[in-house]
>>> print(open('query_0.pdb').read())   # PDB, C-alpha atoms, pLDDT in the B column
ATOM      1  CA  MET A 669     -61.307 -52.782 -18.304  1.00 56.00           C
ATOM      2  CA  GLY A 670     -58.302 -54.163 -16.485  1.00 61.00           C
ATOM      3  CA  MET A 671     -56.560 -50.773 -16.647  1.00 57.00           C
ATOM      4  CA  ALA A 672     -59.560 -49.053 -15.080  1.00 58.00           C
ATOM      5  CA  TYR A 673     -59.151 -51.250 -12.008  1.00 59.00           C
ATOM      6  CA  GLY A 674     -55.405 -51.859 -12.038  1.00 62.00           C
ATOM      7  CA  GLY A 675     -54.156 -48.395 -12.998  1.00 65.00           C
ATOM      8  CA  MET A 676     -52.502 -47.035 -16.126  1.00 64.00           C
ATOM      9  CA  ARG A 677     -48.921 -48.004 -15.318  1.00 65.00           C
ATOM     10  CA  GLY A 678     -46.626 -47.000 -18.159  1.00 65.00           C
ATOM     11  CA  ILE A 679     -49.334 -45.239 -20.165  1.00 69.00           C
ATOM     12  CA  LYS A 680     -49.285 -41.433 -20.450  1.00 65.00           C
ATOM     13  CA  GLY A 681     -52.747 -40.196 -19.567  1.00 65.00           C
ATOM     14  CA  LEU A 682     -51.930 -36.555 -18.899  1.00 65.00           C
ATOM     15  CA  ILE A 683     -49.198 -34.089 -19.815  1.00 70.00           C
ATOM     16  CA  CYS A 684     -47.963 -31.909 -16.974  1.00 73.00           C
ATOM     17  CA  ASP A 685     -45.076 -29.426 -17.077  1.00 77.00           C
ATOM     18  CA  THR A 686     -44.304 -29.627 -13.367  1.00 82.00           C
ATOM     19  CA  SER A 687     -44.274 -33.342 -12.645  1.00 84.00           C
ATOM     20  CA  GLU A 688     -44.648 -36.877 -13.888  1.00 83.00           C
ATOM     21  CA  VAL A 689     -44.875 -40.346 -12.391  1.00 83.00           C
ATOM     22  CA  SER A 690     -42.322 -42.890 -13.529  1.00 79.00           C
ATOM     23  CA  PRO A 691     -42.933 -46.609 -12.917  1.00 82.00           C
ATOM     24  CA  GLU A 692     -39.276 -46.916 -11.896  1.00 82.00           C
ATOM     25  CA  LYS A 693     -38.610 -43.663  -9.995  1.00 84.00           C
ATOM     26  CA  GLY A 694     -42.058 -42.654  -8.755  1.00 87.00           C
ATOM     27  CA  LEU A 695     -43.009 -38.973  -8.615  1.00 88.00           C
ATOM     28  CA  ILE A 696     -40.624 -36.686 -10.484  1.00 89.00           C
ATOM     29  CA  VAL A 697     -40.928 -32.953  -9.838  1.00 89.00           C
ATOM     30  CA  ARG A 698     -39.367 -30.693 -12.492  1.00 91.00           C
ATOM     31  CA  GLY A 699     -37.044 -33.523 -13.515  1.00 89.00           C
ATOM     32  CA  ILE A 700     -35.976 -34.375  -9.949  1.00 91.00           C
ATOM     33  CA  PRO A 701     -37.164 -37.588  -8.219  1.00 91.00           C
ATOM     34  CA  LEU A 702     -39.219 -36.769  -5.126  1.00 90.00           C
ATOM     35  CA  LEU A 703     -36.898 -38.714  -2.836  1.00 89.00           C
ATOM     36  CA  GLU A 704     -34.082 -36.308  -3.788  1.00 93.00           C
ATOM     37  CA  ILE A 705     -35.982 -33.190  -2.657  1.00 91.00           C
ATOM     38  CA  THR A 706     -37.608 -34.356   0.569  1.00 93.00           C
ATOM     39  CA  HIS A 707     -35.260 -32.067   2.525  1.00 95.00           C
ATOM     40  CA  LEU A 708     -36.694 -28.926   0.881  1.00 95.00           C
ATOM     41  CA  ILE A 709     -39.090 -26.692   2.804  1.00 96.00           C
ATOM     42  CA  PRO A 710     -42.491 -25.739   1.280  1.00 94.00           C
ATOM     43  CA  GLU A 711     -41.249 -22.351   0.055  1.00 96.00           C
ATOM     44  CA  GLU A 712     -38.432 -24.044  -1.844  1.00 96.00           C
ATOM     45  CA  ILE A 713     -40.821 -26.580  -3.395  1.00 93.00           C
ATOM     46  CA  PHE A 714     -43.131 -23.746  -4.454  1.00 93.00           C
ATOM     47  CA  PHE A 715     -40.235 -21.914  -6.125  1.00 94.00           C
ATOM     48  CA  LEU A 716     -39.142 -25.107  -7.902  1.00 92.00           C
ATOM     49  CA  LEU A 717     -42.674 -25.786  -9.158  1.00 91.00           C
ATOM     50  CA  VAL A 718     -43.213 -22.247 -10.405  1.00 90.00           C
ATOM     51  CA  THR A 719     -39.809 -21.553 -11.959  1.00 92.00           C
ATOM     52  CA  GLY A 720     -38.282 -24.954 -12.644  1.00 91.00           C
ATOM     53  CA  ASP A 721     -35.114 -23.873 -10.800  1.00 93.00           C
ATOM     54  CA  MET A 722     -33.751 -24.663  -7.368  1.00 93.00           C
ATOM     55  CA  PRO A 723     -34.064 -21.522  -5.224  1.00 95.00           C
ATOM     56  CA  THR A 724     -31.172 -19.597  -3.756  1.00 97.00           C
ATOM     57  CA  ASP A 725     -31.305 -18.523  -0.117  1.00 97.00           C
ATOM     58  CA  ALA A 726     -32.389 -15.065  -1.321  1.00 97.00           C
ATOM     59  CA  ASP A 727     -35.206 -16.587  -3.408  1.00 97.00           C
ATOM     60  CA  THR A 728     -36.439 -18.599  -0.432  1.00 97.00           C
ATOM     61  CA  GLN A 729     -36.329 -15.583   1.875  1.00 97.00           C
ATOM     62  CA  GLY A 730     -38.195 -13.521  -0.729  1.00 96.00           C
ATOM     63  CA  ILE A 731     -41.008 -16.072  -0.826  1.00 96.00           C
ATOM     64  CA  LYS A 732     -41.151 -16.225   2.982  1.00 97.00           C
ATOM     65  CA  ASP A 733     -41.342 -12.426   3.135  1.00 96.00           C
ATOM     66  CA  GLU A 734     -44.126 -12.390   0.519  1.00 94.00           C
ATOM     67  CA  TYR A 735     -46.086 -15.077   2.377  1.00 93.00           C
ATOM     68  CA  ASN A 736     -45.721 -13.170   5.651  1.00 94.00           C
ATOM     69  CA  ALA A 737     -46.889  -9.935   4.013  1.00 92.00           C
ATOM     70  CA  ARG A 738     -50.034 -11.729   2.796  1.00 87.00           C
ATOM     71  CA  ALA A 739     -50.686 -13.800   5.927  1.00 89.00           C
ATOM     72  CA  GLY A 740     -53.499 -11.660   7.324  1.00 89.00           C
ATOM     73  CA  VAL A 741     -56.977 -13.145   7.269  1.00 91.00           C
ATOM     74  CA  PRO A 742     -59.931 -10.742   7.546  1.00 92.00           C
ATOM     75  CA  SER A 743     -62.039 -11.340  10.659  1.00 94.00           C
ATOM     76  CA  TYR A 744     -65.198 -11.948   8.605  1.00 95.00           C
ATOM     77  CA  VAL A 745     -63.528 -15.012   7.052  1.00 95.00           C
ATOM     78  CA  TRP A 746     -63.030 -16.526  10.505  1.00 96.00           C
ATOM     79  CA  ASP A 747     -66.695 -15.771  11.233  1.00 97.00           C
ATOM     80  CA  VAL A 748     -67.737 -17.661   8.084  1.00 96.00           C
ATOM     81  CA  LEU A 749     -65.557 -20.635   9.019  1.00 97.00           C
ATOM     82  CA  ARG A 750     -66.875 -20.690  12.596  1.00 97.00           C
ATOM     83  CA  ALA A 751     -70.411 -20.769  11.215  1.00 97.00           C
ATOM     84  CA  MET A 752     -69.736 -24.016   9.362  1.00 97.00           C
ATOM     85  CA  PRO A 753     -71.106 -27.210  10.919  1.00 97.00           C
ATOM     86  CA  GLU A 754     -68.939 -29.053  13.435  1.00 96.00           C
ATOM     87  CA  GLY A 755     -66.939 -31.746  11.684  1.00 96.00           C
ATOM     88  CA  SER A 756     -66.883 -30.018   8.267  1.00 97.00           C
ATOM     89  CA  HIS A 757     -64.280 -31.528   5.972  1.00 97.00           C
ATOM     90  CA  PRO A 758     -61.021 -29.522   5.887  1.00 96.00           C
ATOM     91  CA  MET A 759     -61.167 -29.236   2.090  1.00 97.00           C
ATOM     92  CA  ALA A 760     -64.666 -27.784   2.310  1.00 97.00           C
ATOM     93  CA  MET A 761     -63.434 -25.314   4.911  1.00 97.00           C
ATOM     94  CA  ILE A 762     -60.460 -24.167   2.843  1.00 95.00           C
ATOM     95  CA  SER A 763     -62.713 -23.796  -0.216  1.00 96.00           C
ATOM     96  CA  VAL A 764     -65.245 -21.716   1.713  1.00 96.00           C
ATOM     97  CA  GLY A 765     -62.476 -19.615   3.300  1.00 95.00           C
ATOM     98  CA  ILE A 766     -60.907 -18.859  -0.071  1.00 92.00           C
ATOM     99  CA  MET A 767     -64.261 -18.025  -1.653  1.00 93.00           C
ATOM    100  CA  ALA A 768     -65.120 -15.748   1.267  1.00 93.00           C
ATOM    101  CA  MET A 769     -61.913 -13.778   0.623  1.00 90.00           C
ATOM    102  CA  GLN A 770     -63.003 -12.921  -2.934  1.00 87.00           C
ATOM    103  CA  LYS A 771     -63.817  -9.409  -1.728  1.00 82.00           C
ATOM    104  CA  GLU A 772     -60.076  -8.948  -1.018  1.00 81.00           C
ATOM    105  CA  SER A 773     -58.994 -10.218  -4.438  1.00 80.00           C
ATOM    106  CA  GLU A 774     -56.650  -7.949  -6.389  1.00 79.00           C
ATOM    107  CA  PHE A 775     -57.428 -10.033  -9.475  1.00 77.00           C
ATOM    108  CA  ASP A 776     -61.160  -9.440  -9.075  1.00 75.00           C
ATOM    109  CA  THR A 777     -60.569  -5.710  -8.590  1.00 75.00           C
ATOM    110  CA  ARG A 778     -58.633  -5.602 -11.863  1.00 74.00           C
ATOM    111  CA  GLN A 779     -61.242  -7.787 -13.568  1.00 71.00           C
ATOM    112  CA  GLY A 780     -63.990  -5.413 -12.448  1.00 68.00           C
ATOM    113  CA  SER A 781     -62.267  -2.388 -13.932  1.00 62.00           C
ATOM    114  CA  ARG A 782     -61.502  -4.380 -17.078  1.00 58.00           C
ATOM    115  CA  ARG A 783     -65.154  -5.403 -17.403  1.00 57.00           C
ATOM    116  CA  GLN A 784     -66.120  -1.739 -17.309  1.00 59.00           C
ATOM    117  CA  SER A 785     -63.526  -0.767 -19.916  1.00 58.00           C
ATOM    118  CA  THR A 786     -64.176  -3.663 -22.333  1.00 54.00           C
ATOM    119  CA  GLY A 787     -67.958  -3.439 -22.224  1.00 57.00           C
ATOM    120  CA  SER A 788     -69.403  -6.291 -24.260  1.00 57.00           C
ATOM    121  CA  GLN A 789     -66.016  -8.039 -24.713  1.00 59.00           C
ATOM    122  CA  PRO A 790     -65.323  -9.539 -21.262  1.00 55.00           C
ATOM    123  CA  TRP A 791     -63.107 -12.277 -22.734  1.00 55.00           C
ATOM    124  CA  ARG A 792     -60.268  -9.857 -23.474  1.00 58.00           C
ATOM    125  CA  THR A 793     -57.168 -10.512 -21.391  1.00 53.00           C
ATOM    126  CA  LEU A 794     -55.979  -8.231 -18.631  1.00 49.00           C
TER     127      LEU A 794
END
>>> encode(input="query_0.pdb", output="structure tokens")
Amino acid sequence: MGMAYGGMRGIKGLICDTSEVSPEKGLIVRGIPLLEITHLIPEEIFFLLVTGDMPTDADTQGIKDEYNARAGVPSYVWDVLRAMPEGSHPMAMISVGIMAMQKESEFDTRQGSRRQSTGSQPWRTL
């Protein structure tokens, strides 16, 4: 019971490829202590998390360009968010905003065509 209240220091409770928490070093991201990567910008952290490598300038610019190309938010999503009650929690708002954008989902479009082609076997991979 003591661990439930005091934490699981030193006991592995979860395996994660991208990070771990060391009692001595704290959060370690892809083998690098967090305090050694605090100078990185979000795009660089994203690249590190996804690939396990430190990004080059070209990699970072590529991610920025991709983010900018996808930055548009359909007006109906803003309408949905404005309709939420005043004081809604930010996490609720981001969840609702993401769910509202399902209509724009390339994944869902591909899933829909896959559902038609696989018929009664919807578990088949894309």
>>> closest_residue(input="query_0.pdb", among="A:Leu703, A:Cys684, A:Ala768, A:Pro710", to="A:Val741", atoms="only C-alpha atoms")
A:Ala768
>>> residues_around(input="query_0.pdb", residues="stretch 721-725 of chain A", least_positions_apart="6", cutoff="9 Å", atoms="all atoms listed in the file", output="list in words")
Arg698, Glu711, Glu712, Ile713 and Phe715 of chain A
>>> write_last_selection(input="query_0.pdb", atoms="C-alpha atoms", output="short mmCIF file (atom, residue, chain, number, x, y, z; two decimals), keeping the file's coordinate frame")
data_model
loop_
_atom_site.label_atom_id
_atom_site.label_comp_id
_atom_site.auth_asym_id
_atom_site.auth_seq_id
_atom_site.Cartn_x
_atom_site.Cartn_y
_atom_site.Cartn_z
CA ARG A 698 -39.37 -30.69 -12.49
CA GLU A 711 -41.25 -22.35 0.06
CA GLU A 712 -38.43 -24.04 -1.84
CA ILE A 713 -40.82 -26.58 -3.40
CA PHE A 715 -40.24 -21.91 -6.12
#
>>> atom_distance(input="query_0.pdb", atom1="atom CA of A:Glu704", atom2="atom CA of A:Tyr735")
25.2 Å
>>> resolve_selection(input="query_0.pdb", expression="the PyMOL selection byres ((chain A and resi 689-693) around 9)", output="list in words")
Arg677, Gly678, Ser687, Glu688, Gly694, Leu695, Ile696, Val697, Pro701, Leu702 and Leu703 of chain A
>>> atom_distance(input="query_0.pdb", atom1="atom CA of A:Gln770", atom2="atom CA of A:Pro753")
21.5 Å
>>> closest_residue(input="query_0.pdb", among="A:Ile700, A:Ala737, A:Leu708, A:Leu749", to="A:Ser763", atoms="all atoms listed in the file")
A:Leu749
>>> atom_distance(input="query_0.pdb", atom1="atom CA of A:Gly699", atom2="atom CA of A:Thr686")
8.2 Å
>>> resolve_selection(input="query_0.pdb", expression="the PyMOL selection byres ((chain A and resi 765) around 12)", output="PyMOL selection string")
chain A and resi 741-752+758-764+766-772
>>> build_atoms(input="query_0.pdb", residues="stretch 682-694 of chain A", atoms="N, CA and C atoms", output="compact mmCIF listing (two decimals), in the coordinates of the input")
# COMPACT_ATOMS: atom_id res chain seq x y z
N LEU A 682 -51.85 -37.99 -19.14
CA LEU A 682 -51.93 -36.56 -18.90
C LEU A 682 -50.54 -35.96 -19.10
N ILE A 683 -50.47 -34.79 -19.67
CA ILE A 683 -49.20 -34.09 -19.82
C ILE A 683 -49.17 -32.96 -18.79
N CYS A 684 -48.09 -32.91 -18.03
CA CYS A 684 -47.96 -31.91 -16.97
C CYS A 684 -46.54 -31.36 -17.00
N ASP A 685 -46.40 -30.05 -17.03
CA ASP A 685 -45.08 -29.43 -17.08
C ASP A 685 -44.30 -29.55 -15.77
N THR A 686 -45.00 -29.68 -14.65
CA THR A 686 -44.30 -29.63 -13.37
C THR A 686 -43.91 -30.99 -12.82
N SER A 687 -44.60 -32.04 -13.23
CA SER A 687 -44.27 -33.34 -12.64
C SER A 687 -44.74 -34.48 -13.54
N GLU A 688 -44.22 -35.66 -13.22
CA GLU A 688 -44.65 -36.88 -13.89
C GLU A 688 -44.45 -38.02 -12.92
N VAL A 689 -45.04 -39.16 -13.23
CA VAL A 689 -44.88 -40.35 -12.39
C VAL A 689 -44.24 -41.43 -13.25
N SER A 690 -43.06 -41.84 -12.83
CA SER A 690 -42.32 -42.89 -13.53
C SER A 690 -42.55 -44.21 -12.81
N PRO A 691 -42.77 -45.31 -13.58
CA PRO A 691 -42.93 -46.61 -12.92
C PRO A 691 -41.69 -47.03 -12.13
N GLU A 692 -40.52 -46.55 -12.57
CA GLU A 692 -39.28 -46.92 -11.90
C GLU A 692 -38.90 -45.97 -10.76
N LYS A 693 -39.08 -44.66 -10.96
CA LYS A 693 -38.61 -43.66 -9.99
C LYS A 693 -39.71 -43.04 -9.15
N GLY A 694 -40.96 -43.27 -9.48
CA GLY A 694 -42.06 -42.65 -8.76
C GLY A 694 -42.28 -41.23 -9.21
